[in-house]
>>> print(open('query.txt').read())   # compact mmCIF, C-alpha atoms
# COMPACT_ATOMS: atom_id res chain seq x y z
CA MET A 19 -43.39 -44.39 114.65
CA LEU A 20 -39.84 -45.15 113.67
CA CYS A 21 -39.06 -48.86 113.46
CA PHE A 22 -36.06 -48.68 115.72
CA SER A 23 -34.88 -46.56 118.62
CA LEU A 24 -31.46 -45.06 118.95
CA PHE A 25 -29.85 -45.92 122.24
CA ILE A 26 -26.50 -44.58 123.38
CA SER A 27 -24.69 -46.13 126.31
CA ILE A 28 -24.44 -43.78 129.26
CA LEU A 29 -21.08 -45.29 130.11
CA SER A 30 -19.72 -44.26 126.72
CA PHE A 31 -20.45 -40.56 127.02
CA THR A 32 -16.79 -39.70 127.66
CA PHE A 33 -16.31 -39.63 123.88
CA VAL A 34 -17.99 -36.21 123.73
CA THR A 35 -15.21 -34.41 125.61
CA SER A 36 -12.58 -35.87 123.28
CA ILE A 37 -14.09 -34.29 120.14
CA ASP A 38 -12.64 -31.05 118.78
CA TYR A 39 -15.65 -28.83 118.10
CA GLY A 40 -13.57 -25.90 116.89
CA PRO A 41 -15.59 -22.68 117.29
CA TYR A 42 -18.65 -24.47 118.68
CA LYS A 43 -19.19 -24.19 122.43
CA PHE A 44 -21.52 -26.50 124.29
CA THR A 45 -22.67 -27.68 127.68
CA SER A 46 -24.57 -30.76 128.79
CA ASP A 47 -26.20 -32.04 131.93
CA TYR A 48 -28.84 -34.24 133.52
CA VAL A 49 -32.08 -33.13 135.13
CA THR A 50 -33.97 -35.37 137.53
CA VAL A 51 -37.56 -34.94 136.33
CA ARG A 52 -39.05 -37.45 138.78
CA GLN A 53 -37.55 -39.59 141.48
CA GLY A 54 -35.60 -42.25 139.59
CA ALA A 55 -36.16 -40.60 136.18
CA HIS A 56 -33.34 -38.57 134.63
CA MET A 57 -33.27 -36.61 131.37
CA PHE A 58 -30.19 -35.57 129.43
CA TYR A 59 -29.71 -32.41 127.39
CA TRP A 60 -26.90 -31.12 125.19
CA LEU A 61 -26.85 -27.39 124.42
CA PHE A 62 -24.85 -25.80 121.61
CA TYR A 63 -24.38 -22.04 121.80
CA THR A 64 -24.87 -20.18 118.54
CA THR A 65 -21.87 -18.90 116.61
CA ALA A 66 -23.96 -16.15 115.01
CA PRO A 67 -22.21 -12.74 114.78
CA VAL A 68 -23.85 -11.27 117.88
CA LYS A 69 -22.48 -9.69 121.06
CA ASN A 70 -24.22 -12.27 123.24
CA TYR A 71 -25.66 -15.64 122.30
CA THR A 72 -28.87 -14.76 124.14
CA GLU A 73 -29.69 -12.39 121.28
CA ARG A 74 -30.67 -15.45 119.25
CA PRO A 75 -33.62 -17.80 119.99
CA LEU A 76 -33.31 -21.14 121.71
CA ILE A 77 -34.45 -24.07 119.60
CA VAL A 78 -35.26 -27.42 121.20
CA TRP A 79 -34.91 -30.34 118.79
CA LEU A 80 -37.22 -33.27 119.54
CA GLN A 81 -36.53 -36.52 117.71
CA GLY A 82 -39.36 -38.91 116.85
CA GLY A 83 -39.91 -42.55 117.68
CA PRO A 84 -40.90 -42.25 120.41
CA GLY A 85 -37.42 -43.28 121.44
CA GLY A 86 -35.15 -41.59 118.88
CA SER A 87 -32.13 -39.85 120.37
CA SER A 88 -31.90 -36.12 119.64
CA THR A 89 -28.33 -35.93 120.93
CA GLY A 90 -27.40 -38.82 118.67
CA PHE A 91 -29.40 -38.85 115.44
CA GLY A 92 -30.70 -35.30 115.48
CA ASN A 93 -27.30 -33.89 116.38
CA PHE A 94 -24.90 -35.91 114.24
CA GLU A 95 -27.11 -36.85 111.30
CA LEU A 96 -29.36 -33.82 110.89
CA LEU A 97 -28.38 -30.38 112.17
CA GLY A 98 -25.61 -30.38 114.77
CA PRO A 99 -22.19 -28.80 114.14
CA LEU A 100 -20.51 -32.12 113.26
CA ASP A 101 -21.73 -35.06 111.19
CA LEU A 102 -21.27 -38.77 111.92
CA LYS A 103 -17.74 -38.64 110.51
CA LEU A 104 -17.02 -35.71 112.87
CA GLN A 105 -16.68 -33.33 109.93
CA GLU A 106 -18.04 -29.80 110.25
CA ARG A 107 -21.53 -29.45 108.79
CA ASN A 108 -21.92 -26.52 106.40
CA HIS A 109 -25.54 -25.83 107.26
CA THR A 110 -25.75 -26.50 110.98
CA TRP A 111 -28.53 -24.62 112.75
CA VAL A 112 -26.02 -23.64 115.42
CA LYS A 113 -24.69 -20.96 113.07
CA ASN A 114 -27.92 -19.03 113.56
CA PHE A 115 -29.53 -20.31 116.76
CA ASN A 116 -28.83 -21.82 120.14
CA VAL A 117 -29.82 -25.47 119.79
CA LEU A 118 -30.85 -27.67 122.69
CA PHE A 119 -30.92 -31.40 121.96
CA VAL A 120 -32.95 -33.38 124.49
CA ASP A 121 -33.08 -37.18 124.75
CA ASN A 122 -36.82 -37.51 125.19
CA PRO A 123 -38.77 -39.34 126.61
CA VAL A 124 -36.92 -40.91 129.53
CA GLY A 125 -35.31 -44.17 128.46
CA THR A 126 -34.07 -42.61 125.19
CA GLY A 127 -30.40 -42.04 124.47
CA TYR A 128 -28.65 -40.91 127.64
CA SER A 129 -31.93 -40.24 129.47
CA TYR A 130 -32.69 -43.13 131.77
CA VAL A 131 -34.89 -44.50 134.51
CA GLU A 132 -33.82 -46.52 137.51
CA ASN A 133 -36.88 -48.75 137.13
CA LEU A 134 -38.64 -49.59 133.87
CA ASN A 135 -41.98 -48.90 135.55
CA LEU A 136 -40.95 -45.23 135.49
CA LEU A 137 -41.07 -45.06 131.69
CA THR A 138 -43.81 -42.81 130.35
CA VAL A 139 -46.85 -44.27 128.60
CA THR A 140 -48.75 -41.17 127.40
CA ASN A 141 -47.87 -37.96 125.61
CA ASP A 142 -49.06 -35.98 128.61
CA GLU A 143 -46.62 -37.80 130.89
CA ILE A 144 -43.86 -36.99 128.40
CA ALA A 145 -44.93 -33.32 128.43
CA LEU A 146 -44.92 -33.13 132.23
CA ASP A 147 -41.41 -34.59 132.33
CA PHE A 148 -40.33 -32.06 129.72
CA VAL A 149 -41.58 -29.16 131.83
CA GLU A 150 -39.42 -30.45 134.68
CA LEU A 151 -36.49 -30.74 132.26
CA LEU A 152 -36.93 -27.09 131.33
CA ARG A 153 -37.19 -26.06 134.99
CA GLY A 154 -33.85 -27.75 135.63
CA PHE A 155 -32.31 -26.33 132.45
CA TYR A 156 -33.30 -22.75 133.31
CA SER A 157 -32.10 -23.20 136.86
CA SER A 158 -28.63 -23.99 135.51
CA ASN A 159 -28.83 -21.54 132.59
CA PRO A 160 -30.95 -18.60 133.84
CA GLU A 161 -29.71 -16.32 131.05
CA PHE A 162 -32.07 -18.18 128.69
CA GLU A 163 -35.25 -17.50 130.67
CA GLY A 164 -36.24 -14.50 128.53
CA VAL A 165 -34.90 -15.88 125.26
CA PRO A 166 -37.62 -16.89 122.74
CA LEU A 167 -38.09 -20.66 122.96
CA TYR A 168 -39.15 -22.71 119.95
CA LEU A 169 -39.94 -26.43 119.94
CA TYR A 170 -39.10 -28.32 116.75
CA GLY A 171 -40.54 -31.83 116.60
CA GLN A 172 -39.78 -34.39 113.91
CA SER A 173 -42.08 -37.33 113.20
CA TYR A 174 -43.52 -38.42 116.57
CA GLY A 175 -41.63 -35.49 118.06
CA GLY A 176 -44.16 -33.24 116.34
CA LYS A 177 -46.94 -35.02 118.16
CA MET A 178 -45.18 -34.66 121.50
CA ALA A 179 -44.37 -30.98 120.88
CA ILE A 180 -48.06 -30.04 120.94
CA ASP A 181 -48.62 -31.50 124.41
CA MET A 182 -45.36 -29.97 125.59
CA GLY A 183 -46.40 -26.54 124.37
CA ILE A 184 -49.67 -26.77 126.27
CA ARG A 185 -47.98 -27.86 129.48
CA ILE A 186 -45.25 -25.23 129.16
CA HIS A 187 -47.86 -22.49 128.71
CA GLU A 188 -49.76 -23.75 131.76
CA ALA A 189 -46.58 -23.82 133.85
CA GLU A 190 -45.72 -20.28 132.76
CA GLN A 191 -49.22 -19.03 133.68
CA GLN A 192 -48.99 -20.74 137.07
CA GLY A 193 -45.60 -19.20 137.77
CA ARG A 194 -43.87 -22.59 137.97
CA LEU A 195 -41.71 -22.00 134.91
CA LYS A 196 -39.86 -18.90 133.72
CA SER A 197 -39.57 -19.28 129.97
CA ASN A 198 -40.59 -17.49 126.79
CA ILE A 199 -42.35 -20.12 124.68
CA SER A 200 -42.80 -18.45 121.30
CA GLY A 201 -43.65 -21.15 118.81
CA ILE A 202 -43.83 -24.79 117.76
CA ALA A 203 -42.74 -26.28 114.44
CA MET A 204 -43.47 -29.77 113.18
CA GLY A 205 -41.57 -31.69 110.51
CA ASN A 206 -43.26 -34.72 108.90
CA ALA A 207 -45.21 -34.90 112.16
CA TRP A 208 -46.92 -38.17 113.12
CA ILE A 209 -50.33 -36.46 113.15
CA SER A 210 -52.17 -38.27 110.34
CA PRO A 211 -49.90 -41.16 109.35
CA VAL A 212 -52.40 -42.92 107.08
CA ASP A 213 -52.93 -39.82 104.95
CA SER A 214 -49.19 -39.19 104.88
CA THR A 215 -48.34 -42.74 103.80
CA LEU A 216 -50.86 -42.62 100.96
CA THR A 217 -49.06 -39.59 99.49
CA TRP A 218 -45.69 -41.29 99.11
CA GLY A 219 -46.46 -43.09 95.85
CA PRO A 220 -48.01 -40.10 94.05
CA LEU A 221 -45.17 -37.81 95.12
CA LEU A 222 -42.45 -40.20 93.98
CA LEU A 223 -44.24 -40.80 90.68
CA ALA A 224 -44.65 -37.05 90.06
CA ALA A 225 -40.96 -36.52 90.86
CA GLY A 226 -39.93 -39.22 88.41
CA LEU A 227 -38.33 -41.36 91.10
CA VAL A 228 -40.50 -44.43 90.41
CA ASP A 229 -42.20 -45.78 87.33
CA GLN A 230 -45.86 -46.79 87.12
CA GLU A 231 -45.13 -50.30 88.38
CA GLY A 232 -43.19 -48.97 91.36
CA TYR A 233 -45.98 -46.51 92.13
CA GLU A 234 -48.63 -49.26 92.10
CA HIS A 235 -46.50 -51.46 94.37
CA ILE A 236 -46.02 -48.67 96.92
CA GLN A 237 -49.70 -47.73 96.84
CA SER A 238 -50.72 -51.35 97.32
CA GLU A 239 -48.61 -51.57 100.46
CA ALA A 240 -49.93 -48.22 101.72
CA ARG A 241 -53.55 -49.29 101.25
CA LYS A 242 -52.90 -52.41 103.29
CA ALA A 243 -51.71 -50.19 106.15
CA GLU A 244 -54.85 -48.08 105.74
CA SER A 245 -57.14 -51.13 105.85
CA LEU A 246 -55.49 -52.48 108.99
CA PHE A 247 -55.81 -49.08 110.64
CA ASN A 248 -59.51 -48.85 109.77
CA GLU A 249 -59.98 -52.31 111.31
CA GLY A 250 -58.42 -51.10 114.56
CA GLN A 251 -55.32 -53.27 114.15
CA TYR A 252 -52.92 -50.48 115.03
CA VAL A 253 -49.80 -52.54 115.74
CA SER A 254 -50.23 -54.48 112.49
CA SER A 255 -50.93 -51.23 110.66
CA THR A 256 -47.69 -49.75 111.97
CA GLN A 257 -45.81 -52.86 110.83
CA GLN A 258 -47.40 -52.51 107.40
CA TRP A 259 -46.39 -48.85 107.35
CA ALA A 260 -42.82 -50.05 107.81
CA ALA A 261 -43.35 -52.51 104.94
CA THR A 262 -44.49 -49.58 102.78
CA GLN A 263 -41.35 -47.71 103.71
CA ARG A 264 -39.26 -50.72 102.69
CA ALA A 265 -41.09 -50.80 99.37
CA VAL A 266 -40.10 -47.17 98.80
CA PHE A 267 -36.46 -47.95 99.56
CA GLN A 268 -36.51 -50.90 97.18
CA ARG A 269 -38.21 -49.08 94.32
CA THR A 270 -36.11 -45.93 94.60
CA THR A 271 -32.79 -47.50 95.63
CA SER A 272 -32.92 -45.99 99.12
CA VAL A 273 -34.25 -42.47 98.57
CA ASP A 274 -33.85 -40.24 101.62
CA PHE A 275 -37.28 -39.75 103.21
CA TYR A 276 -36.26 -36.29 104.43
CA ASN A 277 -34.87 -35.14 101.09
CA ILE A 278 -36.05 -37.11 98.06
CA LEU A 279 -33.33 -35.56 95.92
CA THR A 280 -30.68 -37.56 97.80
CA LYS A 281 -30.04 -41.12 98.92
CA MET A 282 -29.99 -42.32 102.50
CA SER A 283 -26.51 -41.71 103.91
CA VAL A 284 -26.82 -43.88 107.02
CA SER A 285 -27.41 -47.59 107.42
CA LEU A 286 -26.84 -49.85 110.41
CA PRO A 287 -23.49 -51.18 109.06
CA ASP A 288 -22.41 -47.63 108.18
CA THR A 289 -23.35 -46.37 111.63
CA ARG A 290 -21.39 -49.11 113.38
CA SER A 291 -18.41 -48.47 111.12
CA ASP A 292 -18.48 -44.69 111.59
CA MET A 293 -18.83 -44.82 115.36
CA GLY A 294 -16.62 -47.88 115.92
CA GLU A 295 -17.73 -51.30 117.07
CA ASN A 296 -17.67 -50.31 120.73
CA GLY A 297 -21.36 -50.09 121.50
CA ILE A 298 -21.55 -46.30 121.46
CA VAL A 299 -24.45 -46.32 119.01
CA VAL A 300 -26.78 -49.27 118.39
CA TRP A 301 -30.19 -49.56 116.81
CA TYR A 302 -32.15 -51.68 119.23
CA PRO A 303 -35.43 -53.19 117.98
CA GLY A 304 -38.01 -54.27 120.52
CA CYS A 305 -36.71 -51.88 123.17
CA ALA A 306 -38.43 -51.12 126.45
CA ILE A 307 -39.91 -47.89 125.12
CA ARG A 308 -41.44 -49.68 122.15
CA ARG A 309 -42.98 -52.32 124.41
CA ARG A 310 -44.47 -49.64 126.64
CA TRP A 311 -45.92 -47.77 123.65
CA GLN A 312 -47.04 -50.71 121.52
CA GLY A 313 -50.70 -49.88 121.98
CA GLU A 314 -50.31 -46.20 120.95
>>> encode(input="query.txt", output="structure tokens")
Amino acid sequence: MLCFSLFISILSFTFVTSIDYGPYKFTSDYVTVRQGAHMFYWLFYTTAPVKNYTERPLIVWLQGGPGGSSTGFGNFELLGPLDLKLQERNHTWVKNFNVLFVDNPVGTGYSYVENLNLLTVTNDEIALDFVELLRGFYSSNPEFEGVPLYLYGQSYGGKMAIDMGIRIHEAEQQGRLKSNISGIAMGNAWISPVDSTLTWGPLLLAAGLVDQEGYEHIQSEARKAESLFNEGQYVSSTQQWAATQRAVFQRTTSVDFYNILTKMSVSLPDTRSDMGENGIVVWYPGCAIRRRWQGE
């Protein structure tokens, strides 16, 4: 799991309409997935050279966490049309596909609940909410019903995508959902975190990004996480995983975990500076979602 969750104030959403997106067209809306539980999506229509945007697939981007905002981090930091400095991104996915960013699960980003007891506590609950999100999305955007749908999940998003795919398929078979689920992709998915963490040191050493001493330090931290996991101390193991990540940052001078050939471009001070000190974007440790999921 990510150490922090990206929360965006619902009251601050007016900033979206003030941004010049040039050739990029978008729409956004809420879907009530349960009484008192509301999910937010932000759709960007592809700018691919086609007669109709429905000629290109619909990609749903699912951030990890659980509790990372797709409309915030996934959009502005990873693959949306504009970056955090509101400059056009050269390699945005929107140039080839329709991209649907969803703040998932409820309580993330702009998605919210009217009572904290309505937060989800299992992946299956998240998946059921997501089916309702899609039902609402297709109701408002019926032209996408036959368009190939692909779920892309990053980190814990990859774990959630599997359950979502199962529930979407069931809903299609039962006639409750008109969609064309065609595939699922996972990026650094939180499927086997212990095995993944133990590969960091060897990879960085092979790439020449750490020396032998740095490698041994990273591996020592990773093995501590493994030992805690084997003892059933899952919360402590997750905290030690974060300590291993910090060791990587220290030994590599902040290598980017998603592209080891670059350095991390975003830090908390940078984020606050880029977005302005007005509370639009904050990294909030110990959030409600984290408390609900602490035993996962």
>>> closest_residue(input="query.txt", among="A:Ala66, A:Trp79, A:Leu151, A:Asn133", to="Asn114 of chain A", atoms="only C-alpha atoms")
A:Ala66
>>> atom_distance(input="query.txt", atom1="atom CA of Gly205 of chain A", atom2="atom CA of Gly83 of chain A")
13.1 Å
>>> closest_residue(input="query.txt", among="A:Leu80, A:Arg194, A:Glu234, A:Arg269", to="Val149 of chain A", atoms="all atoms listed in the file")
A:Arg194
>>> closest_residue(input="query.txt", among="A:Pro84, A:Ser129, A:Lys69, A:Pro75", to="His56 of chain A", atoms="only C-alpha atoms")
A:Ser129
>>> closest_residue(input="query.txt", among="A:Leu221, A:Val273, A:Val120, A:Leu216", to="Phe91 of chain A", atoms="only C-alpha atoms")
A:Val120
>>> closest_residue(input="query.txt", among="A:Gln237, A:Thr50, A:Gln230, A:Ser255", to="Pro211 of chain A", atoms="only C-alpha atoms")
A:Ser255
>>> closest_residue(input="query.txt", among="A:Tyr252, A:Phe58, A:Tyr71, A:Trp111", to="Asp147 of chain A", atoms="only C-alpha atoms")
A:Phe58
>>> atom_distance(input="query.txt", atom1="atom CA of Leu167 of chain A", atom2="atom CA of Gly82 of chain A")
19.3 Å
>>> residues_near_point(input="query.txt", point="(-49.1, -46.1, 104.8)", cutoff="9 Å", atoms="all atoms listed in the file", output="PyMOL selection string")
chain A and resi 211-218+236-237+239-244+255-256+258-263
>>> atom_distance(input="query.txt", atom1="atom CA of Gln172 of chain A", atom2="atom CA of Ala225 of chain A")
23.2 Å
>>> residues_around(input="query.txt", residues="Thr271 of chain A", least_positions_apart="4", cutoff="8 Å", atoms="all atoms listed in the file", output="PyMOL selection string")
chain A and resi 266-267+281
>>> decode(input="query.txt", residues="segment 62-150 of chain A", atoms="C-alpha atoms", output="CSV table (one decimal), in the first residue's frame")
chain,number,residue,atom,x,y,z
A,62,PHE,CA,-11.1,12.6,-21.3
A,63,TYR,CA,-12.1,12.0,-24.9
A,64,THR,CA,-9.4,10.8,-27.2
A,65,THR,CA,-7.8,13.2,-29.7
A,66,ALA,CA,-6.8,10.3,-32.0
A,67,PRO,CA,-7.4,11.0,-35.7
A,68,VAL,CA,-10.7,9.1,-35.9
A,69,LYS,CA,-14.2,10.1,-37.1
A,70,ASN,CA,-15.7,9.3,-33.8
A,71,TYR,CA,-14.0,8.9,-30.4
A,72,THR,CA,-16.0,5.7,-29.9
A,73,GLU,CA,-13.7,4.0,-32.4
A,74,ARG,CA,-11.0,3.9,-29.7
A,75,PRO,CA,-11.2,1.8,-26.5
A,76,LEU,CA,-12.1,3.2,-23.1
A,77,ILE,CA,-9.4,2.8,-20.5
A,78,VAL,CA,-10.2,3.1,-16.8
A,79,TRP,CA,-7.2,4.2,-14.7
A,80,LEU,CA,-7.3,2.9,-11.1
A,81,GLN,CA,-4.8,4.4,-8.7
A,82,GLY,CA,-3.4,2.4,-5.8
A,83,GLY,CA,-3.4,2.9,-2.1
A,84,PRO,CA,-6.1,2.1,-1.5
A,85,GLY,CA,-7.0,5.7,-1.4
A,86,GLY,CA,-4.9,7.3,-4.1
A,87,SER,CA,-6.7,9.7,-6.4
A,88,SER,CA,-6.8,8.8,-10.0
A,89,THR,CA,-8.2,12.2,-11.0
A,90,GLY,CA,-5.4,13.8,-9.1
A,91,PHE,CA,-2.2,11.8,-9.1
A,92,GLY,CA,-3.0,9.5,-12.1
A,93,ASN,CA,-4.2,12.4,-14.2
A,94,PHE,CA,-1.7,15.1,-13.5
A,95,GLU,CA,1.4,13.2,-12.6
A,96,LEU,CA,1.1,10.1,-14.8
A,97,LEU,CA,-0.9,10.1,-18.0
A,98,GLY,CA,-3.4,12.9,-18.3
A,99,PRO,CA,-3.2,15.6,-20.9
A,100,LEU,CA,-1.7,18.2,-18.5
A,101,ASP,CA,1.0,17.8,-15.9
A,102,LEU,CA,1.1,19.3,-12.4
A,103,LYS,CA,2.4,22.6,-13.9
A,104,LEU,CA,-0.5,22.5,-16.3
A,105,GLN,CA,1.8,22.0,-19.2
A,106,GLU,CA,0.7,19.7,-22.1
A,107,ARG,CA,2.1,16.2,-21.6
A,108,ASN,CA,3.8,14.8,-24.8
A,109,HIS,CA,2.9,11.2,-24.2
A,110,THR,CA,-0.6,11.4,-22.7
A,111,TRP,CA,-2.7,8.3,-23.2
A,112,VAL,CA,-5.6,10.5,-24.3
A,113,LYS,CA,-3.9,10.9,-27.7
A,114,ASN,CA,-4.7,7.3,-28.4
A,115,PHE,CA,-7.5,6.3,-26.1
A,116,ASN,CA,-10.5,7.6,-24.2
A,117,VAL,CA,-9.4,7.7,-20.5
A,118,LEU,CA,-11.7,7.5,-17.6
A,119,PHE,CA,-10.2,8.5,-14.2
A,120,VAL,CA,-12.2,7.3,-11.2
A,121,ASP,CA,-11.6,8.3,-7.6
A,122,ASN,CA,-11.9,4.8,-6.1
A,123,PRO,CA,-12.8,3.6,-3.5
A,124,VAL,CA,-15.4,5.9,-2.0
A,125,GLY,CA,-13.6,8.4,0.3
A,126,THR,CA,-10.8,8.9,-2.2
A,127,GLY,CA,-10.3,12.2,-4.0
A,128,TYR,CA,-13.6,13.7,-4.8
A,129,SER,CA,-15.5,10.5,-4.1
A,130,TYR,CA,-17.1,10.7,-0.7
A,131,VAL,CA,-19.5,9.2,1.8
A,132,GLU,CA,-22.0,10.9,4.0
A,133,ASN,CA,-21.1,8.7,6.9
A,134,LEU,CA,-17.7,7.1,7.5
A,135,ASN,CA,-19.4,3.8,8.2
A,136,LEU,CA,-20.2,3.7,4.5
A,137,LEU,CA,-16.5,3.3,3.6
A,138,THR,CA,-15.7,0.0,2.0
A,139,VAL,CA,-13.6,-2.6,3.9
A,140,THR,CA,-13.1,-5.4,1.3
A,141,ASN,CA,-12.0,-5.6,-2.3
A,142,ASP,CA,-15.4,-7.2,-3.2
A,143,GLU,CA,-17.2,-4.2,-1.7
A,144,ILE,CA,-15.0,-1.9,-3.8
A,145,ALA,CA,-15.8,-4.0,-6.9
A,146,LEU,CA,-19.6,-3.9,-6.3
A,147,ASP,CA,-19.4,-0.1,-5.9
A,148,PHE,CA,-17.4,0.1,-9.2
A,149,VAL,CA,-20.1,-1.8,-11.0
A,150,GLU,CA,-22.7,0.7,-9.9
